Amino acid sequence: MADYAKDVLVETSWVEEHLDDDSIRIVEVDENPALYAEAHIPGAIGFDWRNDLQDQVKRDFLGPEAFGELFGSHGISNDHTIVLYGDRNNWFAAYTYWYLKYYGHDNVVLVNGPREKWISEGRPTNSDVPSYDPVTFTAQPGDDEIRALRNEVLTALDSDRKLVDVRSPQEFSGELIAMAGYEQEGAQRGGHIPGAASIPWAQAVQEDGTFKSAAALKELYGGKGVLDGPSIIAYCRIGERSAHTWFVLHELLGREDVKNYDGSWTEWGNLVNVPIEKG
C-alpha cells in the first residue's frame, strides 16, 4: 500500500468485509467522545480518551495492569487484531495504537481514514453498545524504545537527535499557548523546544484523512531535515497529534529510532529551567 514500510493500515472496505470476524475487535477513540454514542461502526467498542485511557489522579496514562484490565473487560484479548479509528483524522486512534505498541500488543492496525470517511462513504453504522464477555489481556512492561521522557528530551538538545513539533504554526511560534478552543489546557509559556522542526501533523494526510504516499511523506519530513539524524523525537501539546506523526515516521516510513514525547508542550511549557524558543 503506497510502498509503506509496514502493513499497518486497513481500508474502510476491508473493515466492512470483516464486521462479523470474531478474531478482530474494532475500537473507536474520538477527540469528541460524544460522537461514538451518535453513530459508530457496528460492533465497535468506544473508549473515552480522557476517562478511560488516562490516569484519573495524575497527568499520566494507565499503568500496565489497569491498561490490561480496560481492554480485557471489554472483550479484547491478546489474540485479537485491534482495528482502530476515530475522528480528527485519527488523532486519538493513532495515540491508542502507539499506546498498545508501548504495552507490547503488536496485533493492531489503523483504518486509513477517520470516522468521517466511513460515514461519507455510506457504510453501516449504529448506536448500539456491544457486549463482549470479559477476557484476559496482559500488557507487557512499557517499551521505552518508543516513549521519550522529559530528561531524554533535555539531553537531545545537545545532540544531533531531531525534534519535530507537530502543532500548528501559531502554537510553534508562541502566538498561541494552545489550540483555539483549548486555552484552558495550555502551558504557562508559549513557544517550542529549541531546534525543533515545525511540521504540523495534518500535512501527513490528504483531504479525506487518508495518509499520503511514502514518497510524499519522505519528501515532507526529509525536506525539513527530520530524517537526517540518528533518531527522532516527536511532540505536540498532550501527545496525541505527535503519536499520529510517530505512526507516520515509525510505522509507515519504517524509522525504528522514533519516540513520542507524550508529556509534550503541556509538560515542557510548565517546567522551570528548560529552554524555549519563540518565533
# chains A, B, ... in the order shown; residues from 1 in each chain; ligands from 1
$ residues_around --residues "stretch 28-44 of chain A" --least-positions-apart "6" --cutoff "8 Å" --atoms "only C-alpha atoms" --output "ChimeraX atom specification"
/A:19,84-88,90-93,96,115,124-130
$ select_by_dssp --residues "stretch 29-254 of chain A" --states "strand (DSSP E)" --output "list of chain:residue names"
A:Val29, A:Asp30, A:Ile45, A:Gly46, A:Phe47, A:Asp48, A:Thr81, A:Ile82, A:Val83, A:Leu84, A:Tyr85, A:Val108, A:Val109, A:Leu110, A:Val111, A:Lys162, A:Leu163, A:Val164, A:Asp165, A:Ala197, A:Ser198, A:Ile232, A:Ile233, A:Ala234, A:Tyr235
$ write_last_selection --atoms "N, CA, C and O atoms" --output "tab-separated table (two decimals), in the first residue's frame"
chain	number	residue	atom	x	y	z
A	29	VAL	N	-11.84	5.66	19.09
A	29	VAL	CA	-11.36	6.61	20.10
A	29	VAL	C	-11.40	8.00	19.47
A	29	VAL	O	-10.64	8.29	18.55
A	30	ASP	N	-12.31	8.84	19.97
A	30	ASP	CA	-12.53	10.16	19.39
A	30	ASP	C	-11.98	11.27	20.27
A	30	ASP	O	-11.96	11.15	21.50
A	45	ILE	N	-16.16	-0.92	19.82
A	45	ILE	CA	-16.06	-0.56	21.23
A	45	ILE	C	-15.61	0.89	21.30
A	45	ILE	O	-14.72	1.30	20.56
A	46	GLY	N	-16.22	1.67	22.16
A	46	GLY	CA	-15.84	3.07	22.28
A	46	GLY	C	-15.04	3.33	23.55
A	46	GLY	O	-15.48	2.97	24.65
A	47	PHE	N	-13.88	3.94	23.41
A	47	PHE	CA	-13.08	4.36	24.56
A	47	PHE	C	-13.05	5.88	24.62
A	47	PHE	O	-12.85	6.54	23.59
A	48	ASP	N	-13.24	6.41	25.81
A	48	ASP	CA	-13.13	7.85	26.05
A	48	ASP	C	-11.67	8.11	26.42
A	48	ASP	O	-11.19	7.64	27.45
A	81	THR	N	-6.93	-9.08	16.78
A	81	THR	CA	-6.42	-7.96	15.99
A	81	THR	C	-7.28	-6.76	16.32
A	81	THR	O	-8.50	-6.80	16.17
A	82	ILE	N	-6.66	-5.69	16.80
A	82	ILE	CA	-7.39	-4.48	17.17
A	82	ILE	C	-7.35	-3.50	16.00
A	82	ILE	O	-6.28	-3.17	15.49
A	83	VAL	N	-8.53	-3.09	15.56
A	83	VAL	CA	-8.68	-2.16	14.44
A	83	VAL	C	-9.14	-0.82	15.01
A	83	VAL	O	-10.21	-0.72	15.60
A	84	LEU	N	-8.32	0.20	14.84
A	84	LEU	CA	-8.57	1.50	15.47
A	84	LEU	C	-9.00	2.56	14.46
A	84	LEU	O	-8.48	2.62	13.35
A	85	TYR	N	-9.94	3.41	14.88
A	85	TYR	CA	-10.30	4.57	14.07
A	85	TYR	C	-10.91	5.62	14.99
A	85	TYR	O	-11.22	5.34	16.16
A	108	VAL	N	-2.21	-4.91	15.86
A	108	VAL	CA	-3.07	-3.74	15.82
A	108	VAL	C	-2.87	-3.02	14.49
A	108	VAL	O	-1.75	-2.96	13.96
A	109	VAL	N	-3.96	-2.51	13.94
A	109	VAL	CA	-3.91	-1.76	12.68
A	109	VAL	C	-4.77	-0.50	12.82
A	109	VAL	O	-5.62	-0.40	13.70
A	110	LEU	N	-4.52	0.44	11.93
A	110	LEU	CA	-5.26	1.70	11.91
A	110	LEU	C	-6.06	1.76	10.61
A	110	LEU	O	-5.56	1.37	9.55
A	111	VAL	N	-7.30	2.22	10.71
A	111	VAL	CA	-8.10	2.41	9.50
A	111	VAL	C	-7.51	3.60	8.73
A	111	VAL	O	-7.22	4.65	9.31
A	162	LYS	N	16.93	14.59	16.27
A	162	LYS	CA	16.00	15.54	15.66
A	162	LYS	C	14.71	15.62	16.47
A	162	LYS	O	14.16	14.61	16.90
A	163	LEU	N	14.24	16.84	16.65
A	163	LEU	CA	12.96	17.08	17.31
A	163	LEU	C	11.98	17.62	16.27
A	163	LEU	O	12.34	18.47	15.46
A	164	VAL	N	10.75	17.09	16.30
A	164	VAL	CA	9.74	17.59	15.38
A	164	VAL	C	8.51	18.01	16.18
A	164	VAL	O	7.96	17.23	16.96
A	165	ASP	N	8.12	19.26	16.02
A	165	ASP	CA	6.96	19.85	16.68
A	165	ASP	C	5.81	19.77	15.68
A	165	ASP	O	5.87	20.37	14.60
A	197	ALA	N	11.95	21.14	14.45
A	197	ALA	CA	11.38	21.47	13.14
A	197	ALA	C	9.86	21.55	13.28
A	197	ALA	O	9.26	20.76	14.01
A	198	SER	N	9.25	22.49	12.58
A	198	SER	CA	7.80	22.64	12.62
A	198	SER	C	7.19	21.93	11.41
A	198	SER	O	7.33	22.38	10.27
A	232	ILE	N	14.74	10.41	16.26
A	232	ILE	CA	13.74	11.48	16.17
A	232	ILE	C	12.84	11.43	17.40
A	232	ILE	O	12.45	10.34	17.85
A	233	ILE	N	12.49	12.60	17.93
A	233	ILE	CA	11.50	12.71	18.99
A	233	ILE	C	10.40	13.64	18.49
A	233	ILE	O	10.68	14.76	18.07
A	234	ALA	N	9.15	13.18	18.54
A	234	ALA	CA	8.01	13.99	18.12
A	234	ALA	C	7.24	14.45	19.36
A	234	ALA	O	7.12	13.70	20.34
A	235	TYR	N	6.72	15.68	19.29
A	235	TYR	CA	5.89	16.15	20.39
A	235	TYR	C	4.82	17.10	19.87
A	235	TYR	O	4.93	17.63	18.76
$ select_by_dssp --residues "stretch 35-137 of chain A" --states "helix (DSSP H, G or I)" --output "ChimeraX atom specification"
/A:35-38,64-73,88-102,115-120
$ closest_residue --among "A:Val248, A:Leu9, A:Met179, A:Leu100" --to "A:Ala204" --atoms "only C-alpha atoms"
A:Val248
$ closest_residue --among "A:Thr210, A:Tyr97, A:Asn89, A:His105" --to "A:His250" --atoms "only C-alpha atoms"
A:Tyr97
$ closest_atom_pairs --of "stretch 80-121 of chain A" --to "stretch 139-153 of chain A" --cutoff "12 Å" --atoms "only C-alpha atoms" --output "CSV"
residue,atom,partner,partner_atom,distance
A:Tyr95,CA,A:Arg147,CA,11.8
A:Tyr97,CA,A:Ile146,CA,11.9
A:Trp98,CA,A:Ile146,CA,8.2
A:Tyr99,CA,A:Gly142,CA,9.0
A:Leu100,CA,A:Ala139,CA,8.4
A:Lys101,CA,A:Asp143,CA,7.7
A:Tyr102,CA,A:Asp143,CA,4.9
A:Tyr103,CA,A:Gln140,CA,4.9
A:Gly104,CA,A:Gln140,CA,5.3
A:His105,CA,A:Ala139,CA,7.4
A:Asp106,CA,A:Gln140,CA,11.0
$ write_last_selection --atoms "N, CA, C and O atoms" --output "PDB file, in the first residue's frame"
ATOM      1  N   TYR A  95      -2.938   7.596  18.713  1.00  0.00           N
ATOM      2  CA  TYR A  95      -2.411   7.609  20.081  1.00  0.00           C
ATOM      3  C   TYR A  95      -2.630   6.247  20.734  1.00  0.00           C
ATOM      4  O   TYR A  95      -1.730   5.702  21.393  1.00  0.00           O
ATOM      5  N   TYR A  97      -3.020   3.420  19.208  1.00  0.00           N
ATOM      6  CA  TYR A  97      -2.127   2.485  18.502  1.00  0.00           C
ATOM      7  C   TYR A  97      -0.740   2.510  19.164  1.00  0.00           C
ATOM      8  O   TYR A  97      -0.170   1.466  19.493  1.00  0.00           O
ATOM      9  N   TRP A  98      -0.208   3.728  19.355  1.00  0.00           N
ATOM     10  CA  TRP A  98       1.106   3.871  19.994  1.00  0.00           C
ATOM     11  C   TRP A  98       1.098   3.290  21.407  1.00  0.00           C
ATOM     12  O   TRP A  98       2.033   2.600  21.827  1.00  0.00           O
ATOM     13  N   TYR A  99       0.040   3.535  22.119  1.00  0.00           N
ATOM     14  CA  TYR A  99      -0.167   3.052  23.490  1.00  0.00           C
ATOM     15  C   TYR A  99      -0.143   1.519  23.524  1.00  0.00           C
ATOM     16  O   TYR A  99       0.495   0.908  24.392  1.00  0.00           O
ATOM     17  N   LEU A 100      -0.849   0.893  22.590  1.00  0.00           N
ATOM     18  CA  LEU A 100      -0.866  -0.570  22.505  1.00  0.00           C
ATOM     19  C   LEU A 100       0.519  -1.110  22.186  1.00  0.00           C
ATOM     20  O   LEU A 100       0.958  -2.112  22.761  1.00  0.00           O
ATOM     21  N   LYS A 101       1.212  -0.455  21.271  1.00  0.00           N
ATOM     22  CA  LYS A 101       2.573  -0.867  20.951  1.00  0.00           C
ATOM     23  C   LYS A 101       3.480  -0.712  22.172  1.00  0.00           C
ATOM     24  O   LYS A 101       4.353  -1.552  22.434  1.00  0.00           O
ATOM     25  N   TYR A 102       3.272   0.357  22.927  1.00  0.00           N
ATOM     26  CA  TYR A 102       4.065   0.592  24.127  1.00  0.00           C
ATOM     27  C   TYR A 102       3.918  -0.571  25.104  1.00  0.00           C
ATOM     28  O   TYR A 102       4.894  -1.003  25.728  1.00  0.00           O
ATOM     29  N   TYR A 103       2.713  -1.106  25.203  1.00  0.00           N
ATOM     30  CA  TYR A 103       2.457  -2.216  26.114  1.00  0.00           C
ATOM     31  C   TYR A 103       2.528  -3.585  25.434  1.00  0.00           C
ATOM     32  O   TYR A 103       2.010  -4.573  25.953  1.00  0.00           O
ATOM     33  N   GLY A 104       3.178  -3.634  24.279  1.00  0.00           N
ATOM     34  CA  GLY A 104       3.555  -4.917  23.688  1.00  0.00           C
ATOM     35  C   GLY A 104       2.523  -5.622  22.845  1.00  0.00           C
ATOM     36  O   GLY A 104       2.703  -6.794  22.505  1.00  0.00           O
ATOM     37  N   HIS A 105       1.423  -4.943  22.479  1.00  0.00           N
ATOM     38  CA  HIS A 105       0.428  -5.588  21.619  1.00  0.00           C
ATOM     39  C   HIS A 105       0.691  -5.179  20.168  1.00  0.00           C
ATOM     40  O   HIS A 105       0.389  -4.057  19.757  1.00  0.00           O
ATOM     41  N   ASP A 106       1.262  -6.092  19.408  1.00  0.00           N
ATOM     42  CA  ASP A 106       1.638  -5.780  18.025  1.00  0.00           C
ATOM     43  C   ASP A 106       0.525  -6.048  17.022  1.00  0.00           C
ATOM     44  O   ASP A 106       0.597  -5.603  15.876  1.00  0.00           O
TER      45      ASP A 106
END
$ residues_around --residues "A:Ile238" --least-positions-apart "2" --cutoff "8 Å" --atoms "only C-alpha atoms" --output "ChimeraX atom specification"
/A:235-236,240-241,262-266
$ closest_residue --among "A:Glu277, A:Ala156, A:Pro200, A:Gly239" --to "A:Lys224" --atoms "only C-alpha atoms"
A:Pro200
$ closest_residue --among "A:Asp21, A:Asp133, A:Asp7, A:Glu207" --to "A:Gly75" --atoms "only C-alpha atoms"
A:Asp133
$ closest_residue --among "A:Thr138, A:Asp52, A:Gln170, A:Arg123" --to "A:Glu17" --atoms "only C-alpha atoms"
A:Arg123
$ closest_residue --among "A:Ala202, A:Ala243, A:Ala5, A:Ile76" --to "A:Tyr132" --atoms "only C-alpha atoms"
A:Ile76
$ residues_around --residues "A:Lys278" --least-positions-apart "6" --cutoff "6 Å" --atoms "only C-alpha atoms" --output "JSON, numbers by chain"
{"A": [173, 174, 191]}
$ write_last_selection --atoms "N, CA, C and O atoms" --output "compact mmCIF listing (two decimals), in the first residue's frame"
# COMPACT_ATOMS: atom_id res chain seq x y z
N SER A 173 5.14 29.06 17.16
CA SER A 173 5.76 30.39 17.28
C SER A 173 5.57 31.00 18.67
O SER A 173 6.30 31.91 19.06
N GLY A 174 4.58 30.49 19.40
CA GLY A 174 4.27 31.06 20.71
C GLY A 174 3.13 32.04 20.68
O GLY A 174 2.72 32.58 21.71
N GLY A 191 5.68 28.83 22.84
CA GLY A 191 6.91 28.67 22.06
C GLY A 191 7.14 27.22 21.70
O GLY A 191 6.19 26.43 21.64
$ decode --residues "stretch 23-40 of chain A" --atoms "N, CA, C and O atoms" --output "PDB file, in the first residue's frame"
ATOM      1  N   SER A  23     -12.278 -12.599  15.242  1.00  0.00           N
ATOM      2  CA  SER A  23     -10.845 -12.528  15.575  1.00  0.00           C
ATOM      3  C   SER A  23     -10.363 -11.080  15.658  1.00  0.00           C
ATOM      4  O   SER A  23      -9.222 -10.837  16.026  1.00  0.00           O
ATOM      5  N   ILE A  24     -11.242 -10.142  15.297  1.00  0.00           N
ATOM      6  CA  ILE A  24     -10.870  -8.732  15.389  1.00  0.00           C
ATOM      7  C   ILE A  24     -11.794  -8.015  16.372  1.00  0.00           C
ATOM      8  O   ILE A  24     -12.918  -8.451  16.632  1.00  0.00           O
ATOM      9  N   ARG A  25     -11.284  -6.943  16.925  1.00  0.00           N
ATOM     10  CA  ARG A  25     -12.087  -6.039  17.742  1.00  0.00           C
ATOM     11  C   ARG A  25     -11.869  -4.632  17.193  1.00  0.00           C
ATOM     12  O   ARG A  25     -10.737  -4.160  17.105  1.00  0.00           O
ATOM     13  N   ILE A  26     -12.968  -3.989  16.814  1.00  0.00           N
ATOM     14  CA  ILE A  26     -12.905  -2.621  16.300  1.00  0.00           C
ATOM     15  C   ILE A  26     -13.076  -1.670  17.474  1.00  0.00           C
ATOM     16  O   ILE A  26     -13.970  -1.842  18.307  1.00  0.00           O
ATOM     17  N   VAL A  27     -12.193  -0.676  17.556  1.00  0.00           N
ATOM     18  CA  VAL A  27     -12.224   0.275  18.671  1.00  0.00           C
ATOM     19  C   VAL A  27     -12.228   1.696  18.119  1.00  0.00           C
ATOM     20  O   VAL A  27     -11.383   2.055  17.302  1.00  0.00           O
ATOM     21  N   GLU A  28     -13.184   2.501  18.572  1.00  0.00           N
ATOM     22  CA  GLU A  28     -13.252   3.909  18.194  1.00  0.00           C
ATOM     23  C   GLU A  28     -12.778   4.766  19.364  1.00  0.00           C
ATOM     24  O   GLU A  28     -13.241   4.601  20.495  1.00  0.00           O
ATOM     25  N   VAL A  29     -11.838   5.663  19.088  1.00  0.00           N
ATOM     26  CA  VAL A  29     -11.361   6.613  20.100  1.00  0.00           C
ATOM     27  C   VAL A  29     -11.402   8.002  19.474  1.00  0.00           C
ATOM     28  O   VAL A  29     -10.641   8.292  18.554  1.00  0.00           O
ATOM     29  N   ASP A  30     -12.306   8.835  19.969  1.00  0.00           N
ATOM     30  CA  ASP A  30     -12.526  10.156  19.386  1.00  0.00           C
ATOM     31  C   ASP A  30     -11.976  11.266  20.270  1.00  0.00           C
ATOM     32  O   ASP A  30     -11.957  11.151  21.498  1.00  0.00           O
ATOM     33  N   GLU A  31     -11.587  12.363  19.634  1.00  0.00           N
ATOM     34  CA  GLU A  31     -11.274  13.576  20.388  1.00  0.00           C
ATOM     35  C   GLU A  31     -12.555  14.079  21.053  1.00  0.00           C
ATOM     36  O   GLU A  31     -12.532  14.585  22.165  1.00  0.00           O
ATOM     37  N   ASN A  32     -13.682  13.927  20.363  1.00  0.00           N
ATOM     38  CA  ASN A  32     -15.000  14.255  20.906  1.00  0.00           C
ATOM     39  C   ASN A  32     -15.734  12.952  21.216  1.00  0.00           C
ATOM     40  O   ASN A  32     -16.378  12.380  20.328  1.00  0.00           O
ATOM     41  N   PRO A  33     -15.660  12.446  22.446  1.00  0.00           N
ATOM     42  CA  PRO A  33     -16.216  11.128  22.750  1.00  0.00           C
ATOM     43  C   PRO A  33     -17.719  11.006  22.517  1.00  0.00           C
ATOM     44  O   PRO A  33     -18.238   9.905  22.367  1.00  0.00           O
ATOM     45  N   ALA A  34     -18.439  12.132  22.474  1.00  0.00           N
ATOM     46  CA  ALA A  34     -19.887  12.081  22.277  1.00  0.00           C
ATOM     47  C   ALA A  34     -20.254  11.523  20.906  1.00  0.00           C
ATOM     48  O   ALA A  34     -21.376  11.026  20.707  1.00  0.00           O
ATOM     49  N   LEU A  35     -19.343  11.590  19.955  1.00  0.00           N
ATOM     50  CA  LEU A  35     -19.640  11.104  18.604  1.00  0.00           C
ATOM     51  C   LEU A  35     -19.937   9.613  18.584  1.00  0.00           C
ATOM     52  O   LEU A  35     -20.772   9.151  17.804  1.00  0.00           O
ATOM     53  N   TYR A  36     -19.255   8.860  19.420  1.00  0.00           N
ATOM     54  CA  TYR A  36     -19.450   7.404  19.443  1.00  0.00           C
ATOM     55  C   TYR A  36     -20.907   7.053  19.733  1.00  0.00           C
ATOM     56  O   TYR A  36     -21.476   6.150  19.104  1.00  0.00           O
ATOM     57  N   ALA A  37     -21.534   7.761  20.685  1.00  0.00           N
ATOM     58  CA  ALA A  37     -22.916   7.467  21.057  1.00  0.00           C
ATOM     59  C   ALA A  37     -23.886   7.770  19.925  1.00  0.00           C
ATOM     60  O   ALA A  37     -24.948   7.146  19.819  1.00  0.00           O
ATOM     61  N   GLU A  38     -23.525   8.722  19.074  1.00  0.00           N
ATOM     62  CA  GLU A  38     -24.407   9.094  17.964  1.00  0.00           C
ATOM     63  C   GLU A  38     -24.433   8.015  16.892  1.00  0.00           C
ATOM     64  O   GLU A  38     -25.497   7.647  16.396  1.00  0.00           O
ATOM     65  N   ALA A  39     -23.266   7.533  16.519  1.00  0.00           N
ATOM     66  CA  ALA A  39     -23.165   6.508  15.474  1.00  0.00           C
ATOM     67  C   ALA A  39     -21.737   5.994  15.437  1.00  0.00           C
ATOM     68  O   ALA A  39     -20.789   6.768  15.596  1.00  0.00           O
ATOM     69  N   HIS A  40     -21.599   4.696  15.217  1.00  0.00           N
ATOM     70  CA  HIS A  40     -20.265   4.110  15.092  1.00  0.00           C
ATOM     71  C   HIS A  40     -20.339   2.860  14.231  1.00  0.00           C
ATOM     72  O   HIS A  40     -21.424   2.376  13.887  1.00  0.00           O
TER      73      HIS A  40
END
